[in-house]
Structures are given as C-alpha cells and as structure tokens.
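Okay, protein09.cif is below, mmCIF, C-alpha atoms:
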```cif
data_start
loop_
_atom_site.label_atom_id
_atom_site.label_comp_id
_atom_site.auth_asym_id
_atom_site.auth_seq_id
_atom_site.Cartn_x
_atom_site.Cartn_y
_atom_site.Cartn_z
CA MET X 32 15.89 -4.24 41.57
CA ALA X 33 14.70 -1.97 38.77
CA SER X 34 14.94 -4.87 36.35
CA SER X 35 12.89 -7.15 38.68
CA SER X 36 10.26 -4.46 39.17
CA SER X 37 10.03 -3.98 35.41
CA ALA X 38 9.59 -7.72 34.88
CA LEU X 39 6.81 -7.90 37.50
CA SER X 40 5.03 -4.96 35.91
CA ARG X 41 5.28 -6.59 32.50
CA LEU X 42 3.92 -9.89 33.86
CA SER X 43 0.98 -8.06 35.43
CA ASN X 44 0.18 -6.40 32.13
CA LEU X 45 0.46 -9.70 30.28
CA HIS X 46 -1.96 -11.33 32.73
CA GLY X 47 -4.48 -8.63 31.91
CA HIS X 48 -4.02 -9.22 28.20
CA LEU X 49 -4.34 -13.00 28.53
CA HIS X 50 -7.50 -12.80 30.65
CA PRO X 51 -9.49 -9.92 29.12
CA SER X 52 -12.86 -8.90 30.38
CA HIS X 53 -15.60 -9.36 27.80
CA SER X 54 -17.94 -6.97 29.60
CA ASN X 55 -18.57 -3.47 28.34
CA LYS X 56 -16.99 -2.16 31.57
CA GLY X 57 -13.64 -3.53 30.41
CA GLY X 58 -13.85 -1.72 27.08
CA VAL X 59 -12.61 -3.19 23.80
CA GLY X 60 -8.91 -2.55 24.25
CA PHE X 61 -7.87 -6.08 25.15
CA ILE X 62 -5.30 -8.22 23.36
CA LYS X 63 -5.00 -12.00 23.24
CA ILE X 64 -1.41 -13.20 23.48
CA SER X 65 -0.63 -16.81 22.61
CA PRO X 66 0.81 -18.95 25.44
CA GLU X 67 4.10 -19.39 23.53
CA VAL X 68 4.58 -15.65 23.03
CA SER X 69 3.44 -14.84 26.58
CA GLU X 70 5.98 -17.23 28.10
CA ALA X 71 8.78 -15.87 25.91
CA LEU X 72 7.98 -12.26 26.83
CA SER X 73 7.71 -12.98 30.56
CA ASN X 74 11.16 -14.60 30.46
CA ASP X 75 12.78 -11.92 28.27
CA HIS X 76 13.36 -14.43 25.48
CA ALA X 77 13.67 -13.45 21.82
CA VAL X 78 10.37 -12.66 20.09
CA VAL X 79 9.85 -11.45 16.52
CA ALA X 80 6.60 -9.74 15.49
CA LEU X 81 5.24 -10.54 12.03
CA GLU X 82 2.55 -8.74 10.06
CA SER X 83 -0.47 -10.48 8.54
CA THR X 84 -1.30 -8.37 5.48
CA ILE X 85 1.22 -10.39 3.50
CA ILE X 86 -0.90 -13.47 4.32
CA SER X 87 -4.27 -12.01 3.38
CA HIS X 88 -3.35 -9.63 0.56
CA GLY X 89 0.14 -10.66 -0.54
CA MET X 90 -0.53 -13.92 -2.35
CA PRO X 91 -3.32 -16.42 -3.06
CA TYR X 92 -4.35 -19.42 -0.93
CA PRO X 93 -2.73 -21.88 -0.22
CA LYS X 94 0.60 -20.24 -1.12
CA ASN X 95 -0.01 -17.58 1.52
CA LEU X 96 -0.50 -20.18 4.27
CA GLU X 97 2.54 -22.15 3.16
CA THR X 98 4.68 -19.00 3.18
CA ALA X 99 3.39 -17.88 6.60
CA ARG X 100 4.28 -21.25 8.11
CA GLU X 101 7.70 -21.23 6.48
CA VAL X 102 8.49 -17.72 7.74
CA GLU X 103 7.49 -18.68 11.29
CA ALA X 104 9.67 -21.81 10.98
CA VAL X 105 12.66 -19.70 9.93
CA VAL X 106 12.22 -17.53 13.04
CA ARG X 107 12.06 -20.59 15.30
CA GLU X 108 15.04 -22.29 13.63
CA ASN X 109 17.11 -19.21 14.45
CA GLY X 110 16.28 -19.12 18.13
CA ALA X 111 13.30 -16.76 18.43
CA VAL X 112 9.54 -17.07 18.90
CA PRO X 113 7.36 -15.78 16.03
CA ALA X 114 4.41 -13.56 16.94
CA THR X 115 2.18 -13.10 13.89
CA ILE X 116 -0.30 -10.32 14.64
CA ALA X 117 -3.88 -10.01 13.37
CA ILE X 118 -7.39 -9.09 14.52
CA LEU X 119 -9.76 -12.07 14.50
CA ASP X 120 -13.47 -11.64 15.27
CA GLY X 121 -12.68 -8.25 16.79
CA ILE X 122 -9.91 -9.50 19.08
CA PRO X 123 -6.33 -8.33 18.51
CA CYS X 124 -4.15 -11.45 18.57
CA VAL X 125 -0.40 -11.51 19.15
CA GLY X 126 0.83 -14.94 18.11
CA LEU X 127 -1.48 -17.10 15.98
CA SER X 128 -2.17 -20.82 16.26
CA MET X 129 -1.99 -22.97 13.12
CA GLU X 130 -5.80 -22.89 12.98
CA GLU X 131 -5.84 -19.10 13.21
CA LEU X 132 -3.19 -18.81 10.49
CA GLU X 133 -5.30 -21.03 8.26
CA LYS X 134 -8.42 -18.99 8.96
CA LEU X 135 -6.65 -15.79 7.99
CA ALA X 136 -5.14 -17.37 4.87
CA ASN X 137 -8.58 -18.64 3.80
CA LEU X 138 -10.14 -15.24 4.36
CA GLY X 139 -7.60 -13.65 2.04
CA PRO X 140 -8.68 -10.17 0.88
CA ARG X 141 -11.95 -10.55 2.78
CA ALA X 142 -9.95 -9.69 5.88
CA GLN X 143 -9.70 -5.91 6.11
CA LYS X 144 -6.29 -4.45 5.45
CA THR X 145 -5.78 -2.79 8.83
CA ALA X 146 -3.49 0.15 9.53
CA ARG X 147 -3.41 1.91 12.91
CA ARG X 148 -6.29 4.18 11.89
CA ASP X 149 -8.53 1.16 11.17
CA ILE X 150 -7.96 -0.75 14.43
CA ALA X 151 -10.81 0.75 16.46
CA HIS X 152 -13.34 0.14 13.68
CA VAL X 153 -12.31 -3.49 13.10
CA VAL X 154 -12.38 -4.23 16.85
CA ALA X 155 -15.70 -2.41 17.45
CA THR X 156 -17.42 -4.27 14.59
CA ARG X 157 -15.84 -7.59 15.61
CA GLY X 158 -14.29 -7.86 12.19
CA ASN X 159 -11.23 -9.66 10.86
CA GLY X 160 -8.21 -7.47 10.20
CA ALA X 161 -4.86 -8.24 8.62
CA THR X 162 -2.36 -5.84 10.15
CA THR X 163 -0.11 -3.63 8.05
CA VAL X 164 3.26 -2.33 9.21
CA SER X 165 1.73 0.49 11.27
CA ALA X 166 -0.84 -1.67 13.09
CA THR X 167 1.69 -4.46 13.69
CA MET X 168 4.17 -1.99 15.19
CA PHE X 169 1.43 -0.55 17.40
CA PHE X 170 0.44 -3.93 18.87
CA ALA X 171 4.06 -5.11 19.15
CA SER X 172 4.94 -2.01 21.15
CA MET X 173 1.88 -2.44 23.40
CA VAL X 174 2.98 -5.90 24.56
CA GLY X 175 6.71 -5.18 24.68
CA ILE X 176 8.03 -6.77 21.48
CA PRO X 177 10.91 -4.52 20.31
CA LEU X 178 11.44 -5.99 16.85
CA PHE X 179 9.26 -6.61 13.81
CA VAL X 180 10.03 -8.32 10.49
CA THR X 181 8.28 -7.54 7.21
CA GLY X 182 9.03 -7.71 3.48
CA GLY X 183 9.23 -4.03 2.65
CA ILE X 184 7.69 -0.96 4.23
CA GLY X 185 5.43 1.54 2.51
CA GLY X 186 6.60 5.02 1.70
CA VAL X 187 6.10 7.99 -0.57
CA HIS X 188 4.43 6.84 -3.77
CA ARG X 189 5.85 7.92 -7.10
CA HIS X 190 4.42 11.32 -8.03
CA GLY X 191 3.65 11.71 -4.32
CA GLU X 192 4.59 15.39 -4.58
CA HIS X 193 1.32 15.80 -6.50
CA THR X 194 -0.92 13.14 -4.92
CA MET X 195 0.35 13.35 -1.30
CA ASP X 196 0.03 9.55 -1.24
CA ILE X 197 2.32 8.68 1.68
CA SER X 198 2.12 5.46 3.67
CA SER X 199 1.19 5.56 7.36
CA ASP X 200 4.17 3.22 7.89
CA LEU X 201 6.43 6.29 7.89
CA THR X 202 4.31 8.09 10.48
CA GLU X 203 4.34 5.00 12.70
CA LEU X 204 8.11 4.72 12.53
CA GLY X 205 8.26 8.28 13.82
CA ARG X 206 6.20 7.58 16.94
CA THR X 207 6.51 3.91 17.90
CA PRO X 208 9.74 2.48 19.39
CA VAL X 209 9.90 -0.78 17.43
CA ALA X 210 12.76 -1.77 15.13
CA VAL X 211 11.58 -2.79 11.67
CA ILE X 212 13.60 -5.27 9.63
CA SER X 213 12.75 -5.04 5.95
CA ALA X 214 14.27 -5.20 2.48
CA GLY X 215 14.01 -1.42 2.30
CA VAL X 216 10.92 0.18 0.83
CA LYS X 217 8.88 -1.45 -1.90
CA SER X 218 10.46 -0.66 -5.26
CA ILE X 219 7.12 0.54 -6.63
CA LEU X 220 7.65 3.64 -4.47
CA ASP X 221 9.80 6.77 -4.62
CA VAL X 222 12.84 5.66 -2.61
CA PRO X 223 14.75 9.01 -2.38
CA ARG X 224 11.65 10.93 -1.25
CA THR X 225 10.78 8.19 1.25
CA LEU X 226 14.23 8.43 2.85
CA GLU X 227 13.99 12.21 2.91
CA TYR X 228 10.59 12.02 4.62
CA LEU X 229 11.71 9.53 7.28
CA GLY X 230 12.86 11.21 10.48
CA VAL X 231 14.25 8.11 12.18
CA CYS X 232 17.50 6.14 12.25
CA VAL X 233 17.88 4.25 8.96
CA ALA X 234 20.54 1.54 8.89
CA ALA X 235 21.59 -0.91 6.19
CA TYR X 236 22.74 -4.43 6.95
CA ARG X 237 26.22 -5.24 5.61
CA THR X 238 26.01 -2.54 2.93
CA ASN X 239 26.39 1.22 2.56
CA GLU X 240 23.50 1.52 0.12
CA PHE X 241 19.79 1.41 0.86
CA PRO X 242 18.19 -1.63 -0.82
CA SER X 243 14.95 -1.32 -2.79
CA PHE X 244 13.03 -4.52 -2.17
CA PHE X 245 13.62 -6.59 -5.36
CA SER X 246 17.03 -5.01 -5.88
CA GLU X 247 20.09 -4.87 -3.61
CA THR X 248 20.66 -1.25 -4.60
CA SER X 249 18.70 1.98 -4.95
CA GLY X 250 21.37 4.57 -5.62
CA CYS X 251 20.78 6.03 -2.13
CA LYS X 252 23.44 5.89 0.57
CA VAL X 253 22.57 5.31 4.24
CA PRO X 254 24.00 7.22 7.22
CA CYS X 255 24.32 4.08 9.35
CA ARG X 256 25.77 0.66 8.52
CA VAL X 257 25.46 -2.42 10.75
CA ASP X 258 27.39 -5.61 10.00
CA THR X 259 26.27 -8.12 12.64
CA PRO X 260 23.16 -9.01 14.63
CA GLU X 261 25.04 -7.76 17.69
CA ASP X 262 25.57 -4.35 16.03
CA CYS X 263 21.84 -4.17 15.36
CA ALA X 264 20.99 -5.20 18.92
CA GLN X 265 23.23 -2.46 20.36
CA LEU X 266 21.57 0.10 18.09
CA ILE X 267 18.06 -0.99 19.14
CA ASP X 268 19.06 -1.12 22.81
CA ALA X 269 20.48 2.41 22.68
CA ASN X 270 17.33 3.70 20.97
CA LEU X 271 15.13 2.19 23.68
CA LYS X 272 17.30 3.40 26.59
CA LEU X 273 17.41 6.92 25.21
CA GLU X 274 13.61 6.83 25.05
CA LEU X 275 13.65 8.58 21.71
CA GLY X 276 10.10 7.37 21.12
CA THR X 277 10.78 6.43 17.50
CA GLY X 278 11.37 3.26 15.58
CA ILE X 279 14.46 2.19 13.67
CA LEU X 280 14.50 0.92 10.10
CA ILE X 281 17.11 -1.77 9.40
CA ALA X 282 17.24 -2.51 5.69
CA VAL X 283 18.44 -5.96 4.62
CA PRO X 284 19.28 -6.49 0.93
CA ILE X 285 17.58 -9.34 -0.88
CA PRO X 286 20.01 -12.28 -1.28
CA LYS X 287 21.97 -12.06 -4.52
CA GLU X 288 20.73 -15.41 -5.78
CA HIS X 289 17.12 -14.24 -5.52
CA ALA X 290 17.46 -10.73 -6.90
CA ALA X 291 15.28 -10.38 -9.96
CA SER X 292 16.47 -8.53 -13.02
CA GLY X 293 16.32 -4.84 -12.16
CA ARG X 294 15.48 -3.82 -15.72
CA LEU X 295 12.63 -6.34 -15.99
CA ILE X 296 11.15 -5.30 -12.66
CA GLU X 297 11.48 -1.57 -13.38
CA SER X 298 9.75 -1.96 -16.75
CA ALA X 299 6.91 -3.89 -15.12
CA ILE X 300 6.59 -1.27 -12.36
CA LYS X 301 6.29 1.59 -14.84
CA ARG X 302 3.57 -0.23 -16.76
CA ALA X 303 1.70 -1.15 -13.55
CA LEU X 304 1.86 2.47 -12.35
CA GLU X 305 0.35 3.70 -15.61
CA GLU X 306 -2.45 1.15 -15.31
CA ALA X 307 -3.12 2.16 -11.70
CA ARG X 308 -3.38 5.82 -12.73
CA ASP X 309 -5.72 4.95 -15.62
CA LYS X 310 -7.95 2.94 -13.28
CA ASN X 311 -7.70 5.56 -10.48
CA ILE X 312 -6.43 2.97 -8.00
CA ILE X 313 -5.12 4.94 -5.02
CA GLY X 314 -4.65 4.75 -1.24
CA ASN X 315 -4.28 1.39 0.46
CA ALA X 316 -5.54 -0.40 -2.67
CA ALA X 317 -2.54 0.77 -4.68
CA THR X 318 0.21 -1.44 -3.24
CA PRO X 319 -1.67 -4.79 -3.52
CA PHE X 320 -2.67 -3.94 -7.11
CA LEU X 321 0.83 -2.89 -8.11
CA LEU X 322 2.56 -5.90 -6.55
CA ALA X 323 0.06 -8.32 -8.12
CA ARG X 324 0.35 -6.67 -11.53
CA VAL X 325 4.16 -6.61 -11.40
CA ASN X 326 4.07 -10.31 -10.53
CA GLU X 327 1.90 -10.98 -13.61
CA LEU X 328 4.12 -8.93 -15.89
CA THR X 329 7.29 -10.67 -14.67
CA GLY X 330 5.83 -14.15 -15.01
CA GLY X 331 5.91 -14.83 -11.26
CA ALA X 332 9.54 -13.79 -10.80
CA SER X 333 8.67 -10.93 -8.48
CA LEU X 334 6.54 -13.14 -6.17
CA ALA X 335 9.34 -15.70 -5.87
CA SER X 336 11.74 -12.90 -5.00
CA ASN X 337 9.25 -11.44 -2.51
CA ILE X 338 8.97 -14.74 -0.62
CA ALA X 339 12.75 -15.18 -0.63
CA LEU X 340 13.42 -11.74 0.83
CA VAL X 341 10.77 -12.14 3.54
CA LYS X 342 12.39 -15.42 4.66
CA ASN X 343 15.82 -13.79 4.64
CA ASN X 344 14.51 -10.87 6.70
CA ALA X 345 13.01 -13.37 9.15
CA LEU X 346 16.37 -15.11 9.49
CA VAL X 347 18.23 -11.84 10.13
CA GLY X 348 15.47 -10.52 12.39
CA ALA X 349 15.50 -13.65 14.54
CA LYS X 350 19.27 -13.42 15.00
CA ILE X 351 18.97 -9.75 15.98
CA SER X 352 16.20 -10.59 18.44
CA VAL X 353 18.37 -13.30 20.04
CA ALA X 354 21.29 -10.86 20.30
CA LEU X 355 19.00 -8.25 21.90
CA ALA X 356 17.74 -10.80 24.42
CA GLN X 357 21.36 -11.60 25.28
CA VAL X 358 22.04 -7.91 25.93
CA LYS X 359 19.14 -7.84 28.40
CA GLU X 360 20.27 -11.10 30.00
CA ARG X 361 23.75 -9.71 30.65
CA GLU X 362 22.20 -6.64 32.26
CA ASN X 363 19.91 -8.75 34.44
CA LYS X 364 22.79 -10.95 35.59
CA GLY X 365 24.80 -7.85 36.44
CA GLY X 366 21.90 -6.64 38.57
CA VAL X 367 22.20 -3.13 37.16
CA LYS X 368 20.19 -1.60 34.37
CA THR X 369 22.55 0.37 32.15
CA THR X 370 21.49 3.92 31.36
CA LEU X 371 22.89 6.28 28.80
#
```
Rendering of file as structure tokens:
Amino acid sequence: MASSSSALSRLSNLHGHLHPSHSNKGGVGFIKISPEVSEALSNDHAVVALESTIISHGMPYPKNLETAREVEAVVRENGAVPATIAILDGIPCVGLSMEELEKLANLGPRAQKTARRDIAHVVATRGNGATTVSATMFFASMVGIPLFVTGGIGGVHRHGEHTMDISSDLTELGRTPVAVISAGVKSILDVPRTLEYLGVCVAAYRTNEFPSFFSETSGCKVPCRVDTPEDCAQLIDANLKLELGTGILIAVPIPKEHAASGRLIESAIKRALEEARDKNIIGNAATPFLLARVNELTGGASLASNIALVKNNALVGAKISVALAQVKERENKGGVKTTL
C-alpha cells in the first residue's frame, strides 16, 4: 500500500511538472519532463540523468552533438532511458528532444554554464543554461531520478589551500541524494584533497584505487569497492532508505584501451595550470580552459579519452539503473517496502 501511495504521489507531481502554469501565480519553479522520461518514471523504469555542460562547453560543434547522441544511445542500448537536463528559454527540461539537443549544441558556450546557484537567474531571465553536476543533481532529485552519469566531477583545485577554489559539485554531493557515476575527479584537480573534503560514500567500480579521469589510478585508495551493477544498486538503495540526504560517488576507471599516457597528460596539465595562473583564469572558467588547453597540448588525445570514458560511464550507469529498477520491482511485487 505504501508503495502504491508513493507511486500515486509521484504521478501527481509529474502531472504538475508536465503541465506547468505560465502565469505569475504559478511562479517560475516548473520543470518540463519529456514524455519518454515521464513514462519511465511513472512506471519505475530505469532512467539515467545526464548533464549538458559537456555539450555546450566540453567540445566544439558538431562533435558535441554527435557525442551527446552517442551517449544517449549507449544508455538506451543498455536498458535505460536517458534524461539529458538543461534550461532552455528559461524552462528547466528533463529529457531533451533531438531538436533541443541540437539547439544546445549550436549554442555552445553561449549557453550559460549553470550550477545550482545560477538556476534562479537563468530561469528568471528566460535564458539558456547548460547544467553542471550540481544543477543536474538538483533537477534529477526533484523529479525522482536517483542516478546521474557524467565524465568527471569537479573538486578542490590544485593550490586550493591558498585560493579556496572548490567546486560546488562537492557541496551538492553532501546534500542531494543522487548517485553520481563518474571517472573520478578531473585530473586537473587535487585528488587527495578532494577525497578528504568529500563527506559522502565514495566507491570504486571493480578496483580498490580511486581513478583520476584520464588515468585508471590516482595513488588514493577507496573505502568502498563495488564489483557489479547489482552491488551498486544495493548501495544506492540502502542510501535512499536510510534517508542520509547525501549523494554517493561511484568512480569508474577509464577503459584500459583508452587511457592516455599519464606522463603526457600530467605534463600538459602542469603547463595549462601555469598558463591559467598567468592569465588569472579562475572560478567556473578554469575547468573549460584547462581541459581545452590540455587537449591542444596532447594533440587531441585527451578529448578522445574524455569521450571514451563518458560513454563507458554511461554504459555502467545504465546497467546500475536497470539493477536499481529491478530492486524496486521485487519490492513492489512483494507488496512490502523494505526498511532498514
């Protein structure tokens, strides 16, 4: 009965999101959910949230559109429904049509890079926003999507002990109950300090060492190892049932065949960091600059690796989402909602 009541409540909320009021009385807090995503959520099917900053700021057109379509295809091929999230003309959208994906890809950096703190401004000004990890987690949680796939999360920047340059991704993980599947933190960051700062469950997929985006290793061990999508689903399910109110970070190493040379990448990162300091590039402009410059210095090797790891994360994330949906299905068939 509790499960049925929860489903009805969720359907009611979804109806409100799908049919928002455009009057001032209704406020600006509405969300548009695509029919495909809405149907999947109402039936407790597997859904994977995807960010949109990688489309607008991660690579040039048309490579960004091609990659976005390929990542969504990987999610579908592995049994889940992709829900790319963005703000278009002031409306938060969960699940983009092909036309909307193309619009965002064409906008490129003209779409505002949107973290949680920027959402109200982008919506109020009817702007176009490409969601970062924090904003994507926020919207995913609002509509009941428990899992989100990205390339790598932000973290504590190198020399962060002096600059206090720390990504809002870490804050969001501490307050939003969405599992994030990534290839660790971006290797342009300070990995040990990022892990020390994080106050949430950090797990590594089929390894005991935390990966660092372009590399399978970082020199940092993890307290939690998960070896199957089912292991991950049980971890996410327990986190949600305990109502801890925090996210989970599941780090998936880049496939061996796509791992770029660690020495080459590290050399390029050091040079890019020096250039960023010389040009006083800080805040949310730092990561796009550093990734683009590292790509230039490595002759495109880092971009190819970036795309490969995102697709691999999408594959793993979709399988975890399917396993999580199966956990819920077993509970619903049993007619009893398990509590811890």
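Interatomic distance, atom CA of X:Val253 against atom CA of X:Glu227: 11.1 Å.
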Identify, on the basis of all atoms listed in the file, every residue whose closest approach to X:Leu334 does not exceed 9 Å; exclude the query and any residue fewer than 3 positions from it along the same chain; express the result as a list in words.
Gly89, Met90, Leu322, Ala323, Val325, Asn326, Thr329, Gly330, Gly331, Asn337, Ile338 and Ala339 of chain X
Residue selection dump (C-alpha atoms) as a PDB file, in the frame of the given file:
```pdb
ATOM      1  CA  GLY X  89       0.140 -10.660  -0.540  1.00  0.00           C
ATOM      2  CA  MET X  90      -0.530 -13.920  -2.350  1.00  0.00           C
ATOM      3  CA  LEU X 322       2.560  -5.900  -6.550  1.00  0.00           C
ATOM      4  CA  ALA X 323       0.060  -8.320  -8.120  1.00  0.00           C
ATOM      5  CA  VAL X 325       4.160  -6.610 -11.400  1.00  0.00           C
ATOM      6  CA  ASN X 326       4.070 -10.310 -10.530  1.00  0.00           C
ATOM      7  CA  THR X 329       7.290 -10.670 -14.670  1.00  0.00           C
ATOM      8  CA  GLY X 330       5.830 -14.150 -15.010  1.00  0.00           C
ATOM      9  CA  GLY X 331       5.910 -14.830 -11.260  1.00  0.00           C
ATOM     10  CA  ASN X 337       9.250 -11.440  -2.510  1.00  0.00           C
ATOM     11  CA  ILE X 338       8.970 -14.740  -0.620  1.00  0.00           C
ATOM     12  CA  ALA X 339      12.750 -15.180  -0.630  1.00  0.00           C
TER      13      ALA X 339
END
```
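Proximity of X:Gly182, X:Gly314, X:Gly276, X:Pro177 to X:Gly215, computed with only C-alpha atoms, is greatest for X:Gly182.
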Counting only C-alpha atoms, what is within 9 Å of X:Arg206, bar same-chain residues fewer than 6 positions away, as an MDAnalysis selection string?
chainID X and resid 275:278
Residues matched by the PyMOL selection byres ((chain X and resi 142-146) around 7), written as a list in words:
Thr84, Ser87, Leu138, Gly139, Pro140, Arg141, Arg147, Arg148, Asp149, Ile150, Asn159, Gly160, Ala161, Thr162, Thr163, Ser165 and Ala166 of chain X
Could you tell me which residues the PyMOL selection byres ((chain X and resi 113) around 12) returns for this structure, as a ChimeraX atom specification?
/X:64-69,71-72,76-82,99-112,114-116,125-128,171,176,178-180,345-346,348-349,352-353
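Take the candidates X:Phe244, X:Ala332, X:Ser198, X:Cys255 and check each one against X:Ala316 using all atoms listed in the file; the shortest distance goes to X:Ser198.
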Taking all atoms listed in the file into account, which of X:Leu273, X:Met173, X:Leu119, X:Ala282 comes nearest X:Ala214?
X:Ala282
From atom CA of X:Ile85 to atom CA of X:Met129 the spacing works out at 16.2 Å
Would you kindly return, as an MDAnalysis selection string, each protein, DNA or RNA residue with an atom no farther than 9 Å from any atom of stretch 296-302 of chain X, considering only C-alpha atoms and excluding same-chain residues fewer than 3 positions away?
chainID X and resid 218:219 245:246 291:293 305:307 321:322 324:329 332:333
Rounded to one decimal, what separation in Å do you get between atom CA of X:Arg224 and atom CA of X:Gly205?
15.7 Å
Run the PyMOL selection byres ((chain X and resi 226) around 12) mentally over the shown coordinates, then write out the matched residues as number ranges by chain, using the chain letters and numbers from the document.
X: 184-188, 197, 201, 215-216, 220-225, 227-234, 240-243, 249-254, 280, 282
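If only C-alpha atoms are the atoms counted, then among X:His88, X:Ile118, X:Asn137, X:Cys124 the closest residue to X:Lys63 is X:Cys124.
With distances restricted to all atoms listed in the file, X:Gln265 is the closest residue to X:Ala354 from X:Thr156, X:Gln265, X:Thr167, X:Asn95.
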Surrounding residues of X:His289 excluding itself and chain neighbours under 4 positions, 8 Å, all atoms listed in the file, as an MDAnalysis selection string
chainID X and resid 285 335:336 339:340
